[in-house]
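For reference, the structure is listed below as structure tokens.
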Amino acid sequence: MKTNEERLQSLLSYLDSLSYIRPEEIPGIQLYMDQVTTFMDEHLENTKRYPEDKVLTKTMINNYAKNNLLPPPVKKKYSKEHMLMLIFIYYFKNLLSFNDIEQLFSPVLSRHFGSDADLSLEDIYREVFSLEESQMTRLKEDVNAKFQASKTTFQQVKDQEDQEYLQLLAFICELSFDVYLKKQMIESLTDQLRSEQPPADRKKK
């Protein structure tokens, strides 16, 4: 069985293995559905929990279009902008409802998808993901701080194995509490955006 220190190092190594898909990695040609799912599976493989998991399926993509998260393909082909939106959706879908994702990205789709706007969807994607490196550094520092704090808990427990487990539980709870609060904040901001919409636009959702 791993020690908690080994678990921490494993977590940090996992974080080091993650990176986002850079726009230049996305083919400049339009892709059919099978090509889209293959590309996503290959480039987001490290994010899968189990090897047999699928990053995206045809059903998922069709549901995104059905729920107004993704513009429909053109002649069954998906553009680079479609691919960028699918990546955004992928990162949000386990955190927010379809309704909330639509709320967040509908202004982006209406103003920057397939338009001649000064700021393209690719520009937005690059800007958002440019924060990745500094964010990852802060995340690892935060994870390590939470781990060190968890080591100070349950000092009264004499059984070493039991203490190790309870400290691991404390660490997991700290990580979970952080996720819970951040999810609450994101939902609160999304609700604010929804409430600020004109009544006619809110009825459409």
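Just remember, in the structure tokens the first chain shown is A, the second B, etc., residues are 1-based per chain, and ligands are 1-based in the order shown.
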ask   = Which residues, written as a PyMOL selection string, have at least one atom at most 8 Å from Tyr32 of chain A, with only C-alpha atoms counted and residues fewer than 6 positions away on the same chain left out?
value = chain A and resi 76-78
Residues near Leu139 of chain A, cut-off 12 Å, only C-alpha atoms, skip fewer than 4 positions along chain, as a PDB file with all heavy atoms, in the first residue's frame:
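Contents of the output file result.pdb:
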ATOM      1  N   LEU A  11       0.154  12.290  -7.362  1.00  0.00           N
ATOM      2  CA  LEU A  11      -0.764  13.349  -7.790  1.00  0.00           C
ATOM      3  C   LEU A  11      -0.030  14.457  -8.539  1.00  0.00           C
ATOM      4  O   LEU A  11      -0.472  14.924  -9.590  1.00  0.00           O
ATOM      5  CB  LEU A  11      -1.478  13.949  -6.579  1.00  0.00           C
ATOM      6  CG  LEU A  11      -2.733  13.272  -6.040  1.00  0.00           C
ATOM      7  CD1 LEU A  11      -3.280  14.080  -4.874  1.00  0.00           C
ATOM      8  CD2 LEU A  11      -3.786  13.123  -7.121  1.00  0.00           C
ATOM      9  N   LEU A  12       1.092  14.887  -7.989  1.00  0.00           N
ATOM     10  CA  LEU A  12       1.859  15.968  -8.607  1.00  0.00           C
ATOM     11  C   LEU A  12       2.408  15.537  -9.970  1.00  0.00           C
ATOM     12  O   LEU A  12       2.442  16.332 -10.916  1.00  0.00           O
ATOM     13  CB  LEU A  12       2.981  16.414  -7.680  1.00  0.00           C
ATOM     14  CG  LEU A  12       2.530  17.033  -6.344  1.00  0.00           C
ATOM     15  CD1 LEU A  12       3.730  17.365  -5.463  1.00  0.00           C
ATOM     16  CD2 LEU A  12       1.683  18.288  -6.572  1.00  0.00           C
ATOM     17  N   LEU A  15      -0.400  15.728 -12.432  1.00  0.00           N
ATOM     18  CA  LEU A  15      -0.634  17.105 -12.868  1.00  0.00           C
ATOM     19  C   LEU A  15       0.392  17.531 -13.903  1.00  0.00           C
ATOM     20  O   LEU A  15       0.071  18.246 -14.866  1.00  0.00           O
ATOM     21  CB  LEU A  15      -0.602  18.058 -11.672  1.00  0.00           C
ATOM     22  CG  LEU A  15      -1.768  17.925 -10.679  1.00  0.00           C
ATOM     23  CD1 LEU A  15      -1.552  18.858  -9.480  1.00  0.00           C
ATOM     24  CD2 LEU A  15      -3.102  18.227 -11.347  1.00  0.00           C
ATOM     25  N   ASP A  16       1.635  17.098 -13.723  1.00  0.00           N
ATOM     26  CA  ASP A  16       2.686  17.433 -14.684  1.00  0.00           C
ATOM     27  C   ASP A  16       2.432  16.816 -16.059  1.00  0.00           C
ATOM     28  O   ASP A  16       2.928  17.311 -17.076  1.00  0.00           O
ATOM     29  CB  ASP A  16       4.053  16.961 -14.165  1.00  0.00           C
ATOM     30  CG  ASP A  16       4.604  17.870 -13.071  1.00  0.00           C
ATOM     31  OD1 ASP A  16       4.235  19.062 -13.054  1.00  0.00           O
ATOM     32  OD2 ASP A  16       5.388  17.390 -12.233  1.00  0.00           O
ATOM     33  N   LEU A 131      -3.182  31.014 -19.421  1.00  0.00           N
ATOM     34  CA  LEU A 131      -3.074  31.056 -17.958  1.00  0.00           C
ATOM     35  C   LEU A 131      -2.699  29.701 -17.371  1.00  0.00           C
ATOM     36  O   LEU A 131      -2.448  29.600 -16.172  1.00  0.00           O
ATOM     37  CB  LEU A 131      -4.417  31.503 -17.348  1.00  0.00           C
ATOM     38  CG  LEU A 131      -4.967  32.850 -17.815  1.00  0.00           C
ATOM     39  CD1 LEU A 131      -6.377  33.044 -17.277  1.00  0.00           C
ATOM     40  CD2 LEU A 131      -4.067  33.982 -17.351  1.00  0.00           C
ATOM     41  N   GLU A 132      -2.674  28.668 -18.218  1.00  0.00           N
ATOM     42  CA  GLU A 132      -2.500  27.302 -17.723  1.00  0.00           C
ATOM     43  C   GLU A 132      -1.226  27.109 -16.904  1.00  0.00           C
ATOM     44  O   GLU A 132      -1.254  26.541 -15.812  1.00  0.00           O
ATOM     45  CB  GLU A 132      -2.498  26.305 -18.887  1.00  0.00           C
ATOM     46  CG  GLU A 132      -2.387  24.868 -18.420  1.00  0.00           C
ATOM     47  CD  GLU A 132      -1.630  23.977 -19.397  1.00  0.00           C
ATOM     48  OE1 GLU A 132      -0.787  24.488 -20.157  1.00  0.00           O
ATOM     49  OE2 GLU A 132      -1.859  22.769 -19.359  1.00  0.00           O
ATOM     50  N   GLU A 133      -0.099  27.582 -17.427  1.00  0.00           N
ATOM     51  CA  GLU A 133       1.173  27.316 -16.755  1.00  0.00           C
ATOM     52  C   GLU A 133       1.213  27.914 -15.349  1.00  0.00           C
ATOM     53  O   GLU A 133       1.556  27.237 -14.376  1.00  0.00           O
ATOM     54  CB  GLU A 133       2.340  27.859 -17.584  1.00  0.00           C
ATOM     55  CG  GLU A 133       3.693  27.470 -17.008  1.00  0.00           C
ATOM     56  CD  GLU A 133       4.847  27.878 -17.911  1.00  0.00           C
ATOM     57  OE1 GLU A 133       4.614  28.195 -19.098  1.00  0.00           O
ATOM     58  OE2 GLU A 133       5.985  27.891 -17.416  1.00  0.00           O
ATOM     59  N   SER A 134       0.830  29.185 -15.217  1.00  0.00           N
ATOM     60  CA  SER A 134       0.849  29.819 -13.898  1.00  0.00           C
ATOM     61  C   SER A 134      -0.207  29.211 -12.988  1.00  0.00           C
ATOM     62  O   SER A 134       0.011  29.049 -11.785  1.00  0.00           O
ATOM     63  CB  SER A 134       0.629  31.330 -14.027  1.00  0.00           C
ATOM     64  OG  SER A 134      -0.605  31.612 -14.653  1.00  0.00           O
ATOM     65  N   GLN A 135      -1.355  28.852 -13.562  1.00  0.00           N
ATOM     66  CA  GLN A 135      -2.411  28.232 -12.769  1.00  0.00           C
ATOM     67  C   GLN A 135      -1.974  26.864 -12.251  1.00  0.00           C
ATOM     68  O   GLN A 135      -2.250  26.501 -11.095  1.00  0.00           O
ATOM     69  CB  GLN A 135      -3.684  28.102 -13.605  1.00  0.00           C
ATOM     70  CG  GLN A 135      -4.819  27.362 -12.919  1.00  0.00           C
ATOM     71  CD  GLN A 135      -5.307  28.059 -11.661  1.00  0.00           C
ATOM     72  OE1 GLN A 135      -5.158  29.262 -11.518  1.00  0.00           O
ATOM     73  NE2 GLN A 135      -5.896  27.304 -10.742  1.00  0.00           N
ATOM     74  N   VAL A 143      -2.145  22.276  -3.519  1.00  0.00           N
ATOM     75  CA  VAL A 143      -2.289  20.856  -3.182  1.00  0.00           C
ATOM     76  C   VAL A 143      -1.279  20.464  -2.113  1.00  0.00           C
ATOM     77  O   VAL A 143      -1.613  19.777  -1.135  1.00  0.00           O
ATOM     78  CB  VAL A 143      -2.122  19.971  -4.440  1.00  0.00           C
ATOM     79  CG1 VAL A 143      -1.984  18.496  -4.059  1.00  0.00           C
ATOM     80  CG2 VAL A 143      -3.296  20.164  -5.385  1.00  0.00           C
ATOM     81  N   ASN A 144      -0.060  20.912  -2.284  1.00  0.00           N
ATOM     82  CA  ASN A 144       0.983  20.585  -1.307  1.00  0.00           C
ATOM     83  C   ASN A 144       0.662  21.201   0.056  1.00  0.00           C
ATOM     84  O   ASN A 144       0.860  20.560   1.104  1.00  0.00           O
ATOM     85  CB  ASN A 144       2.338  21.079  -1.802  1.00  0.00           C
ATOM     86  CG  ASN A 144       3.470  20.585  -0.920  1.00  0.00           C
ATOM     87  OD1 ASN A 144       3.706  19.388  -0.780  1.00  0.00           O
ATOM     88  ND2 ASN A 144       4.177  21.515  -0.309  1.00  0.00           N
ATOM     89  N   ALA A 145       0.152  22.437   0.057  1.00  0.00           N
ATOM     90  CA  ALA A 145      -0.210  23.099   1.326  1.00  0.00           C
ATOM     91  C   ALA A 145      -1.330  22.346   2.038  1.00  0.00           C
ATOM     92  O   ALA A 145      -1.294  22.163   3.263  1.00  0.00           O
ATOM     93  CB  ALA A 145      -0.624  24.549   1.063  1.00  0.00           C
ATOM     94  N   LYS A 146      -2.319  21.909   1.286  1.00  0.00           N
ATOM     95  CA  LYS A 146      -3.416  21.138   1.873  1.00  0.00           C
ATOM     96  C   LYS A 146      -2.899  19.811   2.431  1.00  0.00           C
ATOM     97  O   LYS A 146      -3.344  19.344   3.491  1.00  0.00           O
ATOM     98  CB  LYS A 146      -4.505  20.890   0.828  1.00  0.00           C
ATOM     99  CG  LYS A 146      -5.384  22.105   0.529  1.00  0.00           C
ATOM    100  CD  LYS A 146      -6.430  21.772  -0.519  1.00  0.00           C
ATOM    101  CE  LYS A 146      -7.489  22.862  -0.638  1.00  0.00           C
ATOM    102  NZ  LYS A 146      -6.966  24.176  -0.971  1.00  0.00           N
ATOM    103  N   LEU A 175      -9.562  18.917  -0.423  1.00  0.00           N
ATOM    104  CA  LEU A 175      -9.654  19.065  -1.872  1.00  0.00           C
ATOM    105  C   LEU A 175     -11.116  19.164  -2.302  1.00  0.00           C
ATOM    106  O   LEU A 175     -11.474  19.986  -3.154  1.00  0.00           O
ATOM    107  CB  LEU A 175      -8.987  17.879  -2.570  1.00  0.00           C
ATOM    108  CG  LEU A 175      -7.467  17.743  -2.423  1.00  0.00           C
ATOM    109  CD1 LEU A 175      -6.987  16.435  -3.047  1.00  0.00           C
ATOM    110  CD2 LEU A 175      -6.740  18.923  -3.065  1.00  0.00           C
ATOM    111  N   ASP A 178     -12.747  22.534  -1.485  1.00  0.00           N
ATOM    112  CA  ASP A 178     -12.286  23.544  -2.429  1.00  0.00           C
ATOM    113  C   ASP A 178     -13.083  23.468  -3.729  1.00  0.00           C
ATOM    114  O   ASP A 178     -13.547  24.485  -4.259  1.00  0.00           O
ATOM    115  CB  ASP A 178     -10.788  23.329  -2.690  1.00  0.00           C
ATOM    116  CG  ASP A 178     -10.173  24.455  -3.495  1.00  0.00           C
ATOM    117  OD1 ASP A 178     -10.276  25.611  -3.064  1.00  0.00           O
ATOM    118  OD2 ASP A 178      -9.594  24.184  -4.560  1.00  0.00           O
TER     119      ASP A 178
END
Find the residues around Glu25 of chain A up to 12 Å (only C-alpha atoms counted), leave out those fewer than 2 positions away in its own chain, and share them as a PyMOL selection string.
chain A and resi 20-23+27-29+39-40+42-43+80+83-84
Neighbour list for segment 50-63 of chain A as a list in words, cut-off 9 Å, only C-alpha atoms, skip fewer than 6 positions in-chain
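Selected residues are Met33, Asp34, Val36, Thr37, Thr38, Met40, Asp41, Glu42, Leu44, Leu69, Leu70, Pro72, Leu86 and Tyr90 of chain A.
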Grab the residues selected above and save them as a JSON list (two decimals), in the first residue's frame with all heavy atoms.
[["chain", "number", "residue", "atom", "x", "y", "z"],
["A", 33, "MET", "N", -17.30, 13.28, -38.15],
["A", 33, "MET", "CA", -17.52, 12.91, -36.75],
["A", 33, "MET", "C", -16.48, 11.91, -36.23],
["A", 33, "MET", "O", -15.91, 12.10, -35.15],
["A", 33, "MET", "CB", -18.92, 12.32, -36.59],
["A", 33, "MET", "CG", -19.25, 11.83, -35.22],
["A", 33, "MET", "SD", -19.66, 13.15, -34.07],
["A", 33, "MET", "CE", -21.39, 13.42, -34.48],
["A", 34, "ASP", "N", -16.23, 10.85, -36.99],
["A", 34, "ASP", "CA", -15.27, 9.82, -36.54],
["A", 34, "ASP", "C", -13.87, 10.42, -36.36],
["A", 34, "ASP", "O", -13.14, 10.02, -35.43],
["A", 34, "ASP", "CB", -15.20, 8.66, -37.54],
["A", 34, "ASP", "CG", -16.44, 7.77, -37.47],
["A", 34, "ASP", "OD1", -17.14, 7.83, -36.44],
["A", 34, "ASP", "OD2", -16.68, 7.02, -38.43],
["A", 36, "VAL", "N", -13.25, 13.51, -35.53],
["A", 36, "VAL", "CA", -13.32, 14.37, -34.34],
["A", 36, "VAL", "C", -13.13, 13.54, -33.08],
["A", 36, "VAL", "O", -12.32, 13.88, -32.21],
["A", 36, "VAL", "CB", -14.67, 15.12, -34.28],
["A", 36, "VAL", "CG1", -14.83, 15.84, -32.94],
["A", 36, "VAL", "CG2", -14.78, 16.13, -35.42],
["A", 37, "THR", "N", -13.90, 12.45, -32.95],
["A", 37, "THR", "CA", -13.81, 11.63, -31.74],
["A", 37, "THR", "C", -12.43, 10.98, -31.60],
["A", 37, "THR", "O", -11.90, 10.88, -30.49],
["A", 37, "THR", "CB", -14.90, 10.54, -31.72],
["A", 37, "THR", "OG1", -14.81, 9.75, -32.90],
["A", 37, "THR", "CG2", -16.29, 11.18, -31.64],
["A", 38, "THR", "N", -11.85, 10.57, -32.71],
["A", 38, "THR", "CA", -10.50, 9.98, -32.67],
["A", 38, "THR", "C", -9.47, 11.00, -32.22],
["A", 38, "THR", "O", -8.62, 10.71, -31.37],
["A", 38, "THR", "CB", -10.11, 9.44, -34.06],
["A", 38, "THR", "OG1", -11.02, 8.40, -34.45],
["A", 38, "THR", "CG2", -8.69, 8.86, -34.04],
["A", 40, "MET", "N", -9.93, 13.71, -30.37],
["A", 40, "MET", "CA", -10.12, 14.04, -28.95],
["A", 40, "MET", "C", -9.63, 12.91, -28.05],
["A", 40, "MET", "O", -8.98, 13.16, -27.02],
["A", 40, "MET", "CB", -11.60, 14.32, -28.67],
["A", 40, "MET", "CG", -12.12, 15.58, -29.33],
["A", 40, "MET", "SD", -11.28, 17.07, -28.73],
["A", 40, "MET", "CE", -12.25, 18.34, -29.51],
["A", 41, "ASP", "N", -9.90, 11.67, -28.43],
["A", 41, "ASP", "CA", -9.45, 10.53, -27.64],
["A", 41, "ASP", "C", -7.92, 10.48, -27.56],
["A", 41, "ASP", "O", -7.34, 10.18, -26.51],
["A", 41, "ASP", "CB", -9.96, 9.22, -28.23],
["A", 41, "ASP", "CG", -11.31, 8.81, -27.66],
["A", 41, "ASP", "OD1", -11.65, 9.26, -26.55],
["A", 41, "ASP", "OD2", -12.03, 8.05, -28.32],
["A", 42, "GLU", "N", -7.27, 10.78, -28.66],
["A", 42, "GLU", "CA", -5.81, 10.73, -28.71],
["A", 42, "GLU", "C", -5.18, 11.87, -27.92],
["A", 42, "GLU", "O", -4.19, 11.68, -27.20],
["A", 42, "GLU", "CB", -5.33, 10.77, -30.16],
["A", 42, "GLU", "CG", -5.64, 9.49, -30.93],
["A", 42, "GLU", "CD", -5.26, 9.60, -32.39],
["A", 42, "GLU", "OE1", -4.89, 10.72, -32.85],
["A", 42, "GLU", "OE2", -5.32, 8.57, -33.10],
["A", 44, "LEU", "N", -6.60, 13.88, -25.53],
["A", 44, "LEU", "CA", -7.02, 14.05, -24.14],
["A", 44, "LEU", "C", -6.96, 12.73, -23.37],
["A", 44, "LEU", "O", -7.62, 12.56, -22.36],
["A", 44, "LEU", "CB", -8.43, 14.64, -24.09],
["A", 44, "LEU", "CG", -8.56, 16.08, -24.59],
["A", 44, "LEU", "CD1", -10.02, 16.49, -24.70],
["A", 44, "LEU", "CD2", -7.82, 17.05, -23.67],
["A", 69, "LEU", "N", -25.17, 23.92, -27.27],
["A", 69, "LEU", "CA", -23.81, 24.15, -26.79],
["A", 69, "LEU", "C", -22.83, 24.23, -27.95],
["A", 69, "LEU", "O", -21.75, 24.80, -27.82],
["A", 69, "LEU", "CB", -23.36, 23.02, -25.86],
["A", 69, "LEU", "CG", -24.25, 22.67, -24.67],
["A", 69, "LEU", "CD1", -23.56, 21.63, -23.79],
["A", 69, "LEU", "CD2", -24.58, 23.90, -23.86],
["A", 70, "LEU", "N", -23.22, 23.65, -29.06],
["A", 70, "LEU", "CA", -22.34, 23.55, -30.22],
["A", 70, "LEU", "C", -23.13, 23.82, -31.48],
["A", 70, "LEU", "O", -24.18, 23.22, -31.68],
["A", 70, "LEU", "CB", -21.73, 22.13, -30.28],
["A", 70, "LEU", "CG", -20.67, 21.87, -31.34],
["A", 70, "LEU", "CD1", -19.36, 22.55, -30.95],
["A", 70, "LEU", "CD2", -20.45, 20.37, -31.50],
["A", 72, "PRO", "N", -24.36, 23.45, -35.24],
["A", 72, "PRO", "CA", -24.41, 22.23, -36.05],
["A", 72, "PRO", "C", -23.27, 22.19, -37.07],
["A", 72, "PRO", "O", -22.78, 23.23, -37.50],
["A", 72, "PRO", "CB", -25.77, 22.31, -36.74],
["A", 72, "PRO", "CG", -26.13, 23.76, -36.72],
["A", 72, "PRO", "CD", -25.53, 24.31, -35.47],
["A", 86, "LEU", "N", -15.66, 22.19, -28.53],
["A", 86, "LEU", "CA", -15.77, 20.86, -27.92],
["A", 86, "LEU", "C", -14.79, 20.71, -26.77],
["A", 86, "LEU", "O", -15.09, 20.06, -25.76],
["A", 86, "LEU", "CB", -15.52, 19.78, -28.98],
["A", 86, "LEU", "CG", -16.70, 19.48, -29.91],
["A", 86, "LEU", "CD1", -16.26, 18.57, -31.05],
["A", 86, "LEU", "CD2", -17.86, 18.86, -29.14],
["A", 90, "TYR", "N", -15.81, 19.98, -23.00],
["A", 90, "TYR", "CA", -15.24, 18.82, -22.32],
["A", 90, "TYR", "C", -14.81, 19.15, -20.89],
["A", 90, "TYR", "O", -15.06, 18.40, -19.96],
["A", 90, "TYR", "CB", -14.05, 18.28, -23.11],
["A", 90, "TYR", "CG", -13.34, 17.15, -22.43],
["A", 90, "TYR", "CD1", -13.91, 15.88, -22.37],
["A", 90, "TYR", "CD2", -12.11, 17.34, -21.81],
["A", 90, "TYR", "CE1", -13.27, 14.83, -21.73],
["A", 90, "TYR", "CE2", -11.46, 16.30, -21.15],
["A", 90, "TYR", "CZ", -12.05, 15.06, -21.12],
["A", 90, "TYR", "OH", -11.41, 14.02, -20.47]]
Legend entry - Between atom CA of Phe113 of chain A and atom CA of Pro71 of chain A - distance in Å to one decimal: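 Taking atom CA of Pro71 of chain A as the start and atom CA of Phe113 of chain A as the end point, the length is 8.7 Å.
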